[in-house]
Structures are given as C-alpha cells and as structure tokens.
>>> print(open('query-v9.txt').read())   # compact mmCIF, C-alpha atoms
# COMPACT_ATOMS: atom_id res chain seq x y z
CA MET T 1 4.66 -31.67 49.66
CA ALA T 2 4.19 -28.01 50.47
CA SER T 3 3.92 -27.06 54.13
CA MET T 4 0.75 -25.46 55.47
CA ALA T 5 2.53 -22.09 55.50
CA GLU T 6 3.33 -22.24 51.80
CA PRO T 7 0.79 -21.08 49.22
CA LEU T 8 -0.68 -23.85 47.12
CA LEU T 9 -0.64 -21.72 43.99
CA HIS T 10 2.05 -19.33 42.80
CA GLU T 11 0.73 -15.81 42.31
CA GLU T 12 2.22 -13.87 39.44
CA HIS T 13 4.48 -10.96 40.43
CA PHE T 14 4.75 -7.63 38.60
CA ASP T 15 7.48 -5.02 38.55
CA VAL T 16 6.24 -1.91 40.35
CA LEU T 17 6.70 1.24 38.25
CA THR T 18 6.74 4.94 38.97
CA LYS T 19 4.01 7.24 37.63
CA THR T 20 6.28 7.91 34.65
CA GLY T 21 6.74 4.21 33.87
CA GLN T 22 10.21 3.65 35.33
CA ARG T 23 11.04 0.53 37.31
CA THR T 24 11.36 1.03 41.06
CA GLY T 25 13.27 -2.19 41.67
CA LEU T 26 10.34 -3.61 43.62
CA SER T 27 7.96 -6.41 42.62
CA LYS T 28 4.64 -7.38 44.20
CA PRO T 29 1.99 -10.08 43.77
CA ARG T 30 -0.71 -9.39 41.19
CA GLY T 31 -3.48 -9.08 43.77
CA ASP T 32 -1.53 -6.58 45.85
CA VAL T 33 -0.70 -4.45 42.80
CA HIS T 34 -4.36 -4.05 41.85
CA ARG T 35 -5.43 -3.61 45.46
CA ASP T 36 -2.90 -0.86 46.12
CA GLY T 37 -3.08 0.81 42.72
CA ASP T 38 0.59 0.34 41.89
CA TYR T 39 1.72 1.30 38.41
CA HIS T 40 2.78 -1.72 36.36
CA ALA T 41 3.17 -2.87 32.73
CA ALA T 42 1.17 -4.95 30.26
CA VAL T 43 0.88 -5.58 26.53
CA HIS T 44 -1.95 -5.16 24.04
CA VAL T 45 -1.70 -7.18 20.81
CA TRP T 46 -4.04 -6.41 17.92
CA ILE T 47 -4.44 -8.72 14.93
CA PHE T 48 -5.44 -6.73 11.85
CA SER T 49 -6.54 -8.16 8.51
CA GLU T 50 -5.45 -5.75 5.79
CA SER T 51 -7.64 -7.12 2.99
CA THR T 52 -10.87 -6.85 5.01
CA GLN T 53 -9.89 -3.90 7.23
CA GLU T 54 -10.95 -5.87 10.31
CA LEU T 55 -9.58 -6.31 13.81
CA LEU T 56 -9.80 -9.54 15.76
CA LEU T 57 -11.56 -9.23 19.12
CA GLN T 58 -11.73 -11.70 21.98
CA ARG T 59 -14.58 -12.07 24.45
CA ARG T 60 -13.15 -12.16 27.94
CA ALA T 61 -14.02 -15.22 30.01
CA ASP T 62 -16.81 -14.78 32.55
CA CYS T 63 -14.43 -15.71 35.36
CA LYS T 64 -12.08 -12.76 34.77
CA ASP T 65 -11.65 -10.31 37.66
CA SER T 66 -11.82 -7.33 35.30
CA TRP T 67 -14.34 -6.73 32.50
CA PRO T 68 -15.74 -10.31 32.51
CA GLY T 69 -17.73 -11.30 29.43
CA LEU T 70 -16.88 -8.16 27.42
CA TRP T 71 -15.30 -7.91 23.98
CA ASP T 72 -11.71 -6.70 24.10
CA ILE T 73 -8.27 -6.64 22.45
CA SER T 74 -7.15 -9.60 20.30
CA SER T 75 -4.75 -10.61 23.08
CA ALA T 76 -3.42 -8.92 26.19
CA GLY T 77 -1.61 -9.65 29.41
CA HIS T 78 0.56 -8.37 32.22
CA ILE T 79 4.33 -8.29 31.94
CA SER T 80 5.65 -10.53 34.70
CA ALA T 81 8.50 -9.30 36.86
CA GLY T 82 11.76 -9.44 34.94
CA ASP T 83 10.16 -10.24 31.57
CA SER T 84 10.35 -8.11 28.44
CA SER T 85 7.45 -6.58 26.58
CA LEU T 86 7.97 -8.53 23.34
CA ILE T 87 8.39 -11.87 25.11
CA THR T 88 5.10 -11.23 26.89
CA ALA T 89 3.31 -10.26 23.66
CA ARG T 90 4.37 -13.50 21.97
CA ARG T 91 3.55 -15.59 25.04
CA GLU T 92 0.06 -14.11 25.53
CA LEU T 93 -0.87 -14.61 21.88
CA HIS T 94 0.26 -18.22 22.10
CA GLU T 95 -1.44 -18.94 25.43
CA GLU T 96 -4.74 -17.19 24.74
CA LEU T 97 -5.25 -17.94 21.04
CA GLY T 98 -2.84 -20.76 20.25
CA VAL T 99 -0.95 -18.68 17.68
CA ILE T 100 2.85 -18.75 17.47
CA LEU T 101 4.41 -15.90 15.49
CA PRO T 102 8.02 -14.75 15.00
CA LYS T 103 9.28 -11.64 16.75
CA ASP T 104 9.25 -9.54 13.60
CA ALA T 105 5.50 -10.08 13.20
CA PHE T 106 4.92 -7.78 16.18
CA GLU T 107 5.04 -4.09 15.33
CA PHE T 108 5.32 -1.80 18.34
CA LEU T 109 3.02 1.22 17.99
CA PHE T 110 2.88 3.23 21.21
CA VAL T 111 2.51 3.12 25.02
CA PHE T 112 -0.94 3.70 26.47
CA LEU T 113 -1.48 4.54 30.15
CA GLN T 114 -4.76 3.16 31.45
CA GLU T 115 -5.93 4.46 34.83
CA CYS T 116 -9.27 3.24 36.15
CA VAL T 117 -11.02 1.89 39.24
CA ILE T 118 -13.65 -0.87 38.91
CA ASN T 119 -15.41 -3.51 40.99
CA ASP T 120 -16.59 -0.98 43.59
CA GLY T 121 -13.07 0.28 44.18
CA LYS T 122 -11.60 -3.17 44.79
CA PHE T 123 -9.67 -3.29 41.51
CA ILE T 124 -7.36 -0.36 40.76
CA ASN T 125 -5.68 -0.50 37.37
CA ASN T 126 -2.76 1.86 36.75
CA GLU T 127 -1.23 0.18 33.74
CA PHE T 128 1.34 1.13 31.09
CA ASN T 129 0.35 -0.87 28.00
CA ASP T 130 2.77 -1.51 25.15
CA VAL T 131 0.52 -1.66 22.09
CA TYR T 132 1.51 -4.01 19.24
CA LEU T 133 0.01 -4.58 15.81
CA VAL T 134 0.16 -7.90 13.93
CA THR T 135 -0.89 -7.37 10.32
CA THR T 136 -2.05 -10.23 8.11
CA LEU T 137 -3.00 -9.96 4.46
CA ALA T 138 -6.17 -12.04 4.89
CA PRO T 139 -8.04 -12.93 8.09
CA ILE T 140 -6.74 -15.89 10.07
CA PRO T 141 -9.68 -18.34 10.03
CA LEU T 142 -11.51 -18.33 13.34
CA GLU T 143 -11.35 -22.13 13.50
CA ALA T 144 -7.55 -21.89 13.48
CA PHE T 145 -7.51 -20.36 16.97
CA THR T 146 -7.23 -22.52 20.09
CA LEU T 147 -8.84 -20.54 22.91
CA GLN T 148 -7.61 -20.61 26.51
CA GLU T 149 -10.90 -21.22 28.31
CA SER T 150 -9.84 -19.50 31.52
CA GLU T 151 -9.13 -16.30 29.58
CA VAL T 152 -11.14 -16.27 26.34
CA SER T 153 -14.67 -17.47 25.58
CA ALA T 154 -14.96 -16.45 21.90
CA VAL T 155 -13.30 -14.50 19.08
CA LYS T 156 -14.69 -12.53 16.16
CA TYR T 157 -13.64 -10.06 13.48
CA ILE T 158 -15.07 -6.55 13.32
CA SER T 159 -14.42 -3.70 10.92
CA CYS T 160 -12.21 -0.94 12.28
CA GLU T 161 -14.85 1.71 11.64
CA GLU T 162 -17.60 -0.28 13.35
CA TYR T 163 -15.42 -1.02 16.37
CA LYS T 164 -14.40 2.62 16.67
CA ARG T 165 -18.07 3.64 16.50
CA LEU T 166 -19.03 1.19 19.27
CA LEU T 167 -16.25 2.44 21.52
CA ALA T 168 -17.18 6.07 20.86
CA LYS T 169 -20.74 5.45 22.02
CA GLU T 170 -19.49 3.39 25.01
CA ASP T 171 -21.32 0.23 24.07
CA PRO T 172 -21.69 -1.86 27.28
CA GLU T 173 -20.64 -5.08 25.55
CA TYR T 174 -17.12 -3.76 24.88
CA VAL T 175 -14.24 -2.92 27.23
CA PRO T 176 -14.06 0.90 27.12
CA TYR T 177 -11.23 2.78 25.41
CA ASP T 178 -11.20 6.49 24.73
CA VAL T 179 -10.95 6.65 20.94
CA ASN T 180 -10.77 10.45 21.16
CA GLY T 181 -7.77 10.18 23.46
CA LYS T 182 -4.41 8.48 23.04
CA TYR T 183 -5.89 5.10 22.15
CA GLY T 184 -7.38 6.71 19.07
CA GLN T 185 -3.85 6.48 17.63
CA LEU T 186 -4.52 2.83 16.82
CA PHE T 187 -7.32 3.71 14.42
CA ASP T 188 -5.44 6.71 13.01
CA ILE T 189 -2.38 4.57 12.25
CA ILE T 190 -4.45 1.88 10.55
CA ALA T 191 -6.44 4.41 8.50
CA GLN T 192 -3.33 6.31 7.41
CA ARG T 193 -1.48 3.14 6.52
CA TYR T 194 -4.40 1.84 4.48
CA LYS T 195 -4.54 5.14 2.60
CA GLU T 196 -0.78 5.05 1.95
CA ASN T 197 -0.94 1.42 0.83
CA MET T 198 -3.76 2.16 -1.59
CA GLU T 199 -1.85 5.15 -3.00
CA GLU T 200 1.32 3.07 -3.32
CA ARG T 201 -0.55 0.26 -5.07
CA SER T 202 -2.17 2.76 -7.41
CA LEU T 203 1.21 4.25 -8.32
CA THR T 204 2.70 0.79 -8.80
CA LEU T 205 -0.16 -0.18 -11.11
CA GLN T 206 0.25 3.02 -13.10
CA LYS T 207 3.97 2.30 -13.53
CA GLN T 208 3.17 -1.22 -14.68
CA LEU T 209 0.60 0.00 -17.18
CA ARG T 210 3.07 2.53 -18.61
CA ARG T 211 5.31 -0.37 -19.59
CA TYR T 212 2.69 -1.49 -22.06
CA VAL T 213 1.34 0.53 -24.99
CA PRO T 214 -1.51 -0.13 -27.40
CA ILE T 215 -0.40 -1.86 -30.61
CA SER T 216 -2.37 -0.92 -33.69
CA LEU T 217 -2.51 -3.51 -36.47
CA GLU T 218 -4.10 -2.15 -39.61
CA ALA T 219 -6.16 -4.57 -41.64
CA GLU T 220 -8.91 -4.39 -44.16
CA VAL T 221 -11.58 -5.57 -41.73
CA PHE T 222 -10.61 -4.43 -38.23
CA ASN T 223 -8.08 -2.80 -35.97
CA LEU T 224 -6.74 -4.94 -33.13
CA PHE T 225 -5.56 -3.40 -29.89
CA ILE T 226 -3.74 -5.46 -27.28
CA PHE T 227 -3.40 -4.45 -23.62
CA THR T 228 -1.55 -6.56 -21.06
CA ASP T 229 -0.57 -6.36 -17.45
CA LEU T 230 1.26 -8.65 -15.05
CA PHE T 231 -1.70 -10.88 -14.38
CA CYS T 232 -3.71 -11.27 -17.54
CA CYS T 233 -3.91 -10.58 -21.25
CA VAL T 234 -7.00 -8.77 -22.49
CA TRP T 235 -7.90 -8.49 -26.18
CA PHE T 236 -10.15 -5.78 -27.54
CA ILE T 237 -11.41 -5.97 -31.11
CA VAL T 238 -12.63 -2.67 -32.49
CA LEU T 239 -14.57 -2.83 -35.73
CA PRO T 240 -14.22 0.09 -38.14
>>> encode(input="query-v9.txt", output="structure tokens")
Amino acid sequence: MASMAEPLLHEEHFDVLTKTGQRTGLSKPRGDVHRDGDYHAAVHVWIFSESTQELLLQRRADCKDSWPGLWDISSAGHISAGDSSLITARRELHEELGVILPKDAFEFLFVFLQECVINDGKFINNEFNDVYLVTTLAPIPLEAFTLQESEVSAVKYISCEEYKRLLAKEDPEYVPYDVNGKYGQLFDIIAQRYKENMEERSLTLQKQLRRYVPISLEAEVFNLFIFTDLFCCVWFIVLP
C-alpha cells in the first residue's frame, strides 16, 4: 500500500526541450510543464483516405484540460520522457482509436511548433509536434474504431477542402490551426500528392491503352472494332 506521502496516481513526465527543440536532460511532470510553459514534444497523426480525399477527425472528450469538446487531429499525444516519436504515434493511435498499424504505415511529414496560452493563462502550450500521415486507399469504417472515452467522444470524416475552409474562418467547433502558416503544409502535401497520383495514373492508363490497337475486320455487312484494357473487353459494332 502506498504511504500517505506517495501520490496515488502516476503523473506522466515529459522531456524538457530548449526553444530550438533540443533535449535539456531534464524531465518534469505534465502539469508542471504546462504551468511553467516548458517546451516539450508531441505527435500529430492524420488518417487520410485517398479515394475520398477525406481526413479523419476526432472530437476531444469534454473532460480534456485543453480544447474540450472540439474537433481535432485523428490522433495526438505527448511524447513521454525517454520515448521516441514513432513509438508514441503508434501508441496514441492504438489507445485513442483502437487501431494497430505497422511502423511503415506512418509517414513523417514535418515538425510544427505550437505556442499558445489558454484557460485564462493557466495552460501554456509550447509544443514541438511531429506530424505523421497515415494514408489508406478507402476510408476505415467508423464502426471499426474503438474510442478511448477519456480522450475521444466521436470521430468523423471530412473533406480536406472543407476542413481547411473551417480552419481558415476559425470555426469555434474546431481546434485552431493556422492553415496560412506552417500547418498549411499538411494540405499542400496532400493536394500535391493527389495531383501527382492522378497524373501518374493517367500516364499509366495511356501506356496501357497504347498496348492495344483497333483491329479492323472487313466484312460485307459491318466492320468490327475491338478495344480492350486490363479490366474489361468492350466491343463496338459500326455499321457501314
């Protein structure tokens, strides 16, 4: 049994960083870090459905000490003292949404420094966020997620363009991010990649089509032209 002098609950500790993101060798309890405004590290994990061009958002639980009840990143969390960024990204996705993914599913994009003061100055957030992207071909069904009630109250998909528009107008139902600043890179990367993928698919299709040529069969009644691709065979009958 714990003595009266020992805390009943273990408070998570964070590595304290410099203003340039380097470790100082010190670690402090979570509450002290946000009280004192120490720089520390966290991860942002975005789930992106390529076929629908949608991002998964989570609604933060009402009991959260920052941005309660607002729509936010697919999954996010602090990097505990001594832990790595990727380990934390995988752990948070598993804990918050019940999804277990291999390491190579997480694509590191960039580091985003978030500096803000909320809750009447009681919560100071100076946070270096490692931003990851998890890309799926089709949306993961919402019913497949197992939500951690203490962290997440709901999830939904939203188109990238609509989400960017809501952030730009500072919609009060969404955790604010400056889409015209460094965090705008997320939307730029997705848009550019979608454009490149569409161009690549178009070129691939053109190459496939060049492998097949129309075949003209002369007959007394009609000409028959056959076109095929990898997925189907289409017959066109052209009467003279």
>>> closest_atom_pairs(input="query-v9.txt", of="stretch 89-198 of chain T", to="stretch 60-64 of chain T", cutoff="8 Å", atoms="all atoms listed in the file", output="JSON lines")
{"residue": "T:Glu149", "atom": "CA", "partner": "T:Ala61", "partner_atom": "CA", "distance": 7.0}
{"residue": "T:Ser150", "atom": "CA", "partner": "T:Ala61", "partner_atom": "CA", "distance": 6.2}
{"residue": "T:Glu151", "atom": "CA", "partner": "T:Ala61", "partner_atom": "CA", "distance": 5.0}
{"residue": "T:Val152", "atom": "CA", "partner": "T:Ala61", "partner_atom": "CA", "distance": 4.8}
{"residue": "T:Ser153", "atom": "CA", "partner": "T:Ala61", "partner_atom": "CA", "distance": 5.0}
{"residue": "T:Ala154", "atom": "CA", "partner": "T:Arg60", "partner_atom": "CA", "distance": 7.6}
>>> write_last_selection(input="query-v9.txt", atoms="C-alpha atoms", output="PDB file, keeping the file's coordinate frame")
ATOM      1  CA  GLU T 149     -10.900 -21.220  28.310  1.00  0.00           C
ATOM      2  CA  SER T 150      -9.840 -19.500  31.520  1.00  0.00           C
ATOM      3  CA  GLU T 151      -9.130 -16.300  29.580  1.00  0.00           C
ATOM      4  CA  VAL T 152     -11.140 -16.270  26.340  1.00  0.00           C
ATOM      5  CA  SER T 153     -14.670 -17.470  25.580  1.00  0.00           C
ATOM      6  CA  ALA T 154     -14.960 -16.450  21.900  1.00  0.00           C
TER       7      ALA T 154
END
>>> residues_around(input="query-v9.txt", residues="stretch 178-191 of chain T", least_positions_apart="6", cutoff="10 Å", atoms="only C-alpha atoms", output="list in words")
Trp46, Phe48, Glu50, Gln53, Leu109, Phe110, Val111, Phe112, Leu113, Gln114, Val131, Tyr132, Leu133, Thr135, Cys160, Glu161, Tyr163, Lys164, Arg165, Leu166, Leu167, Ala168, Lys169, Glu170 and Asn197 of chain T
>>> axis_aligned_box(input="query-v9.txt", around="stretch 161-166 of chain T", padding_each_side="3 Å", output="lines of an AutoDock Vina configuration file")
center_x = -16.7
center_y = 1.3
center_z = 15.5
size_x = 10.6
size_y = 10.7
size_z = 13.6
>>> residues_around(input="query-v9.txt", residues="T:Trp71", least_positions_apart="4", cutoff="6 Å", atoms="all atoms listed in the file", output="PDB file with C-alpha atoms, keeping the file's coordinate frame")
ATOM      1  CA  GLN T  58     -11.730 -11.700  21.980  1.00  0.00           C
ATOM      2  CA  ARG T  59     -14.580 -12.070  24.450  1.00  0.00           C
ATOM      3  CA  TYR T 174     -17.120  -3.760  24.880  1.00  0.00           C
TER       4      TYR T 174
END
>>> closest_residue(input="query-v9.txt", among="T:Leu142, T:Leu70, T:Val33, T:Leu101", to="T:Val155", atoms="only C-alpha atoms")
T:Leu142
>>> closest_residue(input="query-v9.txt", among="T:His78, T:Ala41, T:Leu147, T:Val117", to="T:Glu95", atoms="all atoms listed in the file")
T:Leu147
>>> closest_residue(input="query-v9.txt", among="T:Ala42, T:Cys116, T:Ala76, T:Ala81", to="T:Leu97", atoms="all atoms listed in the file")
T:Ala76
>>> atom_distance(input="query-v9.txt", atom1="atom CA of T:Ile79", atom2="atom CA of T:Asp15")
8.0 Å
>>> residues_near_point(input="query-v9.txt", point="(-6.0, -0.9, 34.1)", cutoff="12 Å", atoms="all atoms listed in the file", output="VMD selection string")
chain T and resid 33 to 35 37 to 44 65 to 67 76 to 78 112 to 119 123 to 129 175 to 177
